[in-house]
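Please read the structure below before turning to the comments.
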Amino acid sequence: MKNAALIVLVAAALAGCASKETKTEAQVDDRSVNQPKSNMGQAPVTTPRGSDTVGRGDPLKQGQLAQRSVYFDYDSNSVKDEYRGLVQAHSRYLTADKRDAKIRIEGNCDERGSREYNLALGQRRAEAVKKVMTVLGVSDGRIETTSYGEEKPVAAGHDEQSWSQNRRADIRYSGE
Amino acid sequence: MKRVIFLLGALLFAFGAQAQLTIDITTSGGRQLPIAVMPLAGESTQPQSVSEVVGADLARTGLFRLVNTVGISPVPTEPSEVNFADWTARSAEALVIGRVETQGDRVEVRFRLFDVQKQSQLASYSYLVAPAQLRATAHRIADLIYERLTGDKGVFSTKITYVVKRGSRYELQVADADGFNPQSVLASQEPIMSPAWSPDGSRIAYVSFDQKKPIVVVQNLAQGTTRVVANFRGNNSAPAWSPDGRSLLVALSKDGLTQIYRVPATGGEAQRLTESTGIDTQPAYSPDGQWIAFTSDRGGSPQVYRMPATGGPAQRLTFEGTYNVGPRFSPDGKSIAYVQRDGGRFRIATMELANGQVQILTDGTLDDSPTFAPNGKMILYEAQAGGRGQLAAVSGDGRVRQRLTSAAGDVQDPAWGPMPTN
């Protein structure tokens, strides 16, 4: 865990970022992020891109950064390993490339259950994603966690196939 | 922004009636009191039949059976004209007669209620109203009859609010308790949630997503003006009025996970009331303002808790099952209604606070948002049927059930308004 964070820090430093922001997040032995076995250790080692994305279109619409949704199991708010790469890519972008960007993470639920409790559950999912990102060096103040609860399903069906698409947290950059 | 919403509201009011709710009784148990509601003399020339509305109001409760009045001639309008033997023969136990007369630009409505067996008059009232008020007057008459015959206040003159979803369009509507006169008070392309009436019925607090996140707004119904009362970082939701109408309980996630706070009804600083490591939401004041019931998953599963309104330790109220959420106090403060999950089904339950006795009142699959009628006799709630949100109502003893259907779209998140103040 600590290693991953250190690597992020190093990566950020290599990219020529001012380290003020990342330093404040340096203590990242956060126990609540409970899946250290993922590829977290490796992913941040990829060569940090500083300005080499300039002029090639919106980086947020390409590759992993174009992926914005983290999906959850029923009654769960733990970020599954398969979405670690996605969350890391956005964290890297926020700490290395676009250090003035702010994001909102919007949690969602399937239709089962009470609307207001689902609204709070969606926000807890967004918080779970935020926690991973802050561990990776994104400062707390840049991430707002909100929720649409069960109000904005992307799939309209009333079965697990639809529900699984509706249990998610979406990353949205300010201005989008 | 304020002005836009106001204009929109005015526009919607002007174009008036949307597809209204139709209320049907689906089951009614127990003995129904047979009552004869005679056509009122002279009402056929008026824009609105009074006796039809009175009869429909009473019948919808499931507590009355309308006795056939066909063939009674001449129509009695005075006590001396009533032939009680006729009504005994028709098994009527109560009888309503009266007349409607135009007086200049107003209308005088008189009615009398009789106990058939005792051959005695139970009530007699007259009203002088504008013709447009005939329907409202009929509801007031039904309220009086209901109170005389059951001992409980009638709620036929109250209003309900609910959210209608049509495609991607949301409307907050206010209608009479019988589903008539639906008015859109707000329309949005974003979701609207959790409407809550102020205790005097003049304002509705609700959750708006117009800013792409949930915030709490209070709308003045007469003026159409709105005021944002909670727009903090993160989620702002679950508004619940204090009994004096001066403040609101809200659920905010500004400090991490959702917790319960109090904000002035005019907006302002939020005072944190709960301090848990889980989610605390769906607060509700007891009618006497002494308690706050709410949902919390601090113990692992979401359950209903209660804490003193002045702060202090919370006490868990629900123990059956792993999902009990969204408490609402009955108007007498003696019980709560809430949503209980049993297997994969979500149903409305009540609990008597004195002894913890639980009763499951509904048999839907996805029931939500229970709201008590202000006389405590019925609970209105959201019931999903065939993938669509519809409203339903159930009596406190579970015996009488109503379905409120609309052709308009999904109907959800109902809230029953207070007793009218006049």
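Please note that chains go A, B, ... in the order of the structure tokens, that every chain numbers its residues from 1, and that ligands are numbered from 1 in the order shown.
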
Interface rows for chain A against chain B: nearest pair, Å to one decimal, 9 Å, only C-alpha atoms, as a tab-separated table:
```
residue	atom	partner	partner_atom	distance
A:Arg104	CA	B:Gly234	CA	9.0
A:Glu106	CA	B:Lys213	CA	8.3
A:Glu111	CA	B:Leu366	CA	8.7
A:Arg112	CA	B:Leu366	CA	6.8
A:Gly113	CA	B:Phe346	CA	6.7
A:Ser114	CA	B:Asp368	CA	5.7
A:Arg115	CA	B:Asp368	CA	7.6
A:Glu116	CA	B:Ala238	CA	6.5
A:Tyr117	CA	B:Thr281	CA	6.8
A:Leu119	CA	B:Asn235	CA	8.2
A:Ala120	CA	B:Thr258	CA	6.0
A:Leu121	CA	B:Ile279	CA	7.8
A:Gln123	CA	B:Leu257	CA	7.2
A:Arg124	CA	B:Leu257	CA	6.2
A:Glu127	CA	B:Gly256	CA	7.6
A:Glu144	CA	B:Gly234	CA	5.9
A:Thr145	CA	B:Gly234	CA	5.3
A:Thr146	CA	B:Gly234	CA	4.8
A:Ser147	CA	B:Asn235	CA	6.6
A:Tyr148	CA	B:Lys213	CA	7.1
A:Glu151	CA	B:Pro191	CA	6.4
A:Lys152	CA	B:Pro191	CA	7.8
A:Gly157	CA	B:Gly387	CA	8.2
A:His158	CA	B:Gly387	CA	6.9
```

Using only C-alpha atoms, determine which residues lie at most 10 Å from Ala59 in chain B, disregarding the query and same-chain residues fewer than 3 positions distant; provide the list as a list in words.
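My list of contacting residues is Asp24, Ile25, Gln32, Leu33, Pro34, Ile35, Val53, Val54, Gly55, Ala56, Gly62, Leu63, Phe64, Arg65 and Leu66 of chain B.
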
Using only C-alpha atoms, which protein or nucleic acid residues come within 8 Å of Phe72 in chain A? Drop anything in the same chain fewer than 5 positions from it, and give the result as a list in words.
Asn77, Ser78, Val79, Lys80, Ser164, Arg167 and Arg168 of chain A

Could you list, as an mmCIF file with C-alpha atoms, in the first residue's frame, every residue within 12 Å of range 266-273 of chain B, counting only C-alpha atoms and ignoring same-chain residues fewer than 5 positions away?
```
data_model
loop_
_atom_site.group_PDB
_atom_site.id
_atom_site.type_symbol
_atom_site.label_atom_id
_atom_site.label_comp_id
_atom_site.auth_asym_id
_atom_site.auth_seq_id
_atom_site.Cartn_x
_atom_site.Cartn_y
_atom_site.Cartn_z
ATOM 1 C CA ARG B 203 -44.815 25.293 1.727
ATOM 2 C CA ALA B 205 -39.693 21.126 0.890
ATOM 3 C CA ILE B 215 -30.109 19.942 -2.848
ATOM 4 C CA VAL B 216 -33.039 20.837 -0.583
ATOM 5 C CA VAL B 217 -35.455 23.523 -1.760
ATOM 6 C CA VAL B 218 -38.512 25.026 -0.047
ATOM 7 C CA GLN B 219 -41.289 26.272 -2.299
ATOM 8 C CA ASN B 220 -44.055 28.605 -1.203
ATOM 9 C CA THR B 226 -38.478 28.956 -4.015
ATOM 10 C CA ARG B 227 -35.594 29.107 -1.598
ATOM 11 C CA VAL B 228 -32.590 26.796 -1.413
ATOM 12 C CA VAL B 229 -32.279 25.752 2.231
ATOM 13 C CA ALA B 230 -29.487 23.186 1.957
ATOM 14 C CA ASN B 231 -26.854 23.183 -0.759
ATOM 15 C CA PHE B 232 -23.741 21.979 0.982
ATOM 16 C CA ARG B 233 -20.899 19.957 -0.488
ATOM 17 C CA ASN B 236 -28.497 17.309 0.577
ATOM 18 C CA TRP B 241 -40.170 19.873 9.031
ATOM 19 C CA GLY B 245 -42.327 24.985 10.811
ATOM 20 C CA ARG B 246 -39.227 26.996 11.664
ATOM 21 C CA SER B 247 -36.553 24.453 10.879
ATOM 22 C CA LEU B 248 -35.953 21.343 8.839
ATOM 23 C CA LEU B 249 -34.082 18.173 9.516
ATOM 24 C CA VAL B 250 -31.988 17.208 6.503
ATOM 25 C CA ALA B 251 -29.531 14.466 5.574
ATOM 26 C CA LEU B 252 -26.186 15.895 4.441
ATOM 27 C CA SER B 253 -22.959 14.238 3.356
ATOM 28 C CA LYS B 254 -20.841 17.376 3.693
ATOM 29 C CA ASP B 255 -18.654 15.814 6.365
ATOM 30 C CA THR B 258 -24.682 10.984 5.212
ATOM 31 C CA GLN B 259 -25.616 12.324 8.664
ATOM 32 C CA ILE B 260 -28.571 14.238 10.089
ATOM 33 C CA TYR B 261 -28.479 18.011 10.539
ATOM 34 C CA ASP B 280 -27.874 8.290 9.175
ATOM 35 C CA THR B 281 -30.778 9.533 7.066
ATOM 36 C CA PRO B 283 -35.172 11.838 9.838
ATOM 37 C CA TRP B 291 -38.067 12.893 19.277
ATOM 38 C CA ILE B 292 -36.351 12.310 15.983
ATOM 39 C CA ALA B 293 -36.760 8.914 14.350
ATOM 40 C CA PHE B 294 -34.333 8.057 11.559
ATOM 41 C CA ARG B 306 -34.914 7.244 17.813
ATOM 42 C CA MET B 307 -33.075 10.038 19.589
ATOM 43 C CA PRO B 308 -34.156 13.036 21.670
ATOM 44 C CA ALA B 309 -34.601 16.106 19.465
ATOM 45 C CA THR B 310 -32.250 18.002 21.765
ATOM 46 C CA GLY B 311 -29.524 15.432 21.164
ATOM 47 C CA GLY B 312 -28.331 12.486 23.156
ATOM 48 C CA PRO B 313 -27.923 8.789 22.614
ATOM 49 C CA ALA B 314 -30.039 7.022 20.012
#
```
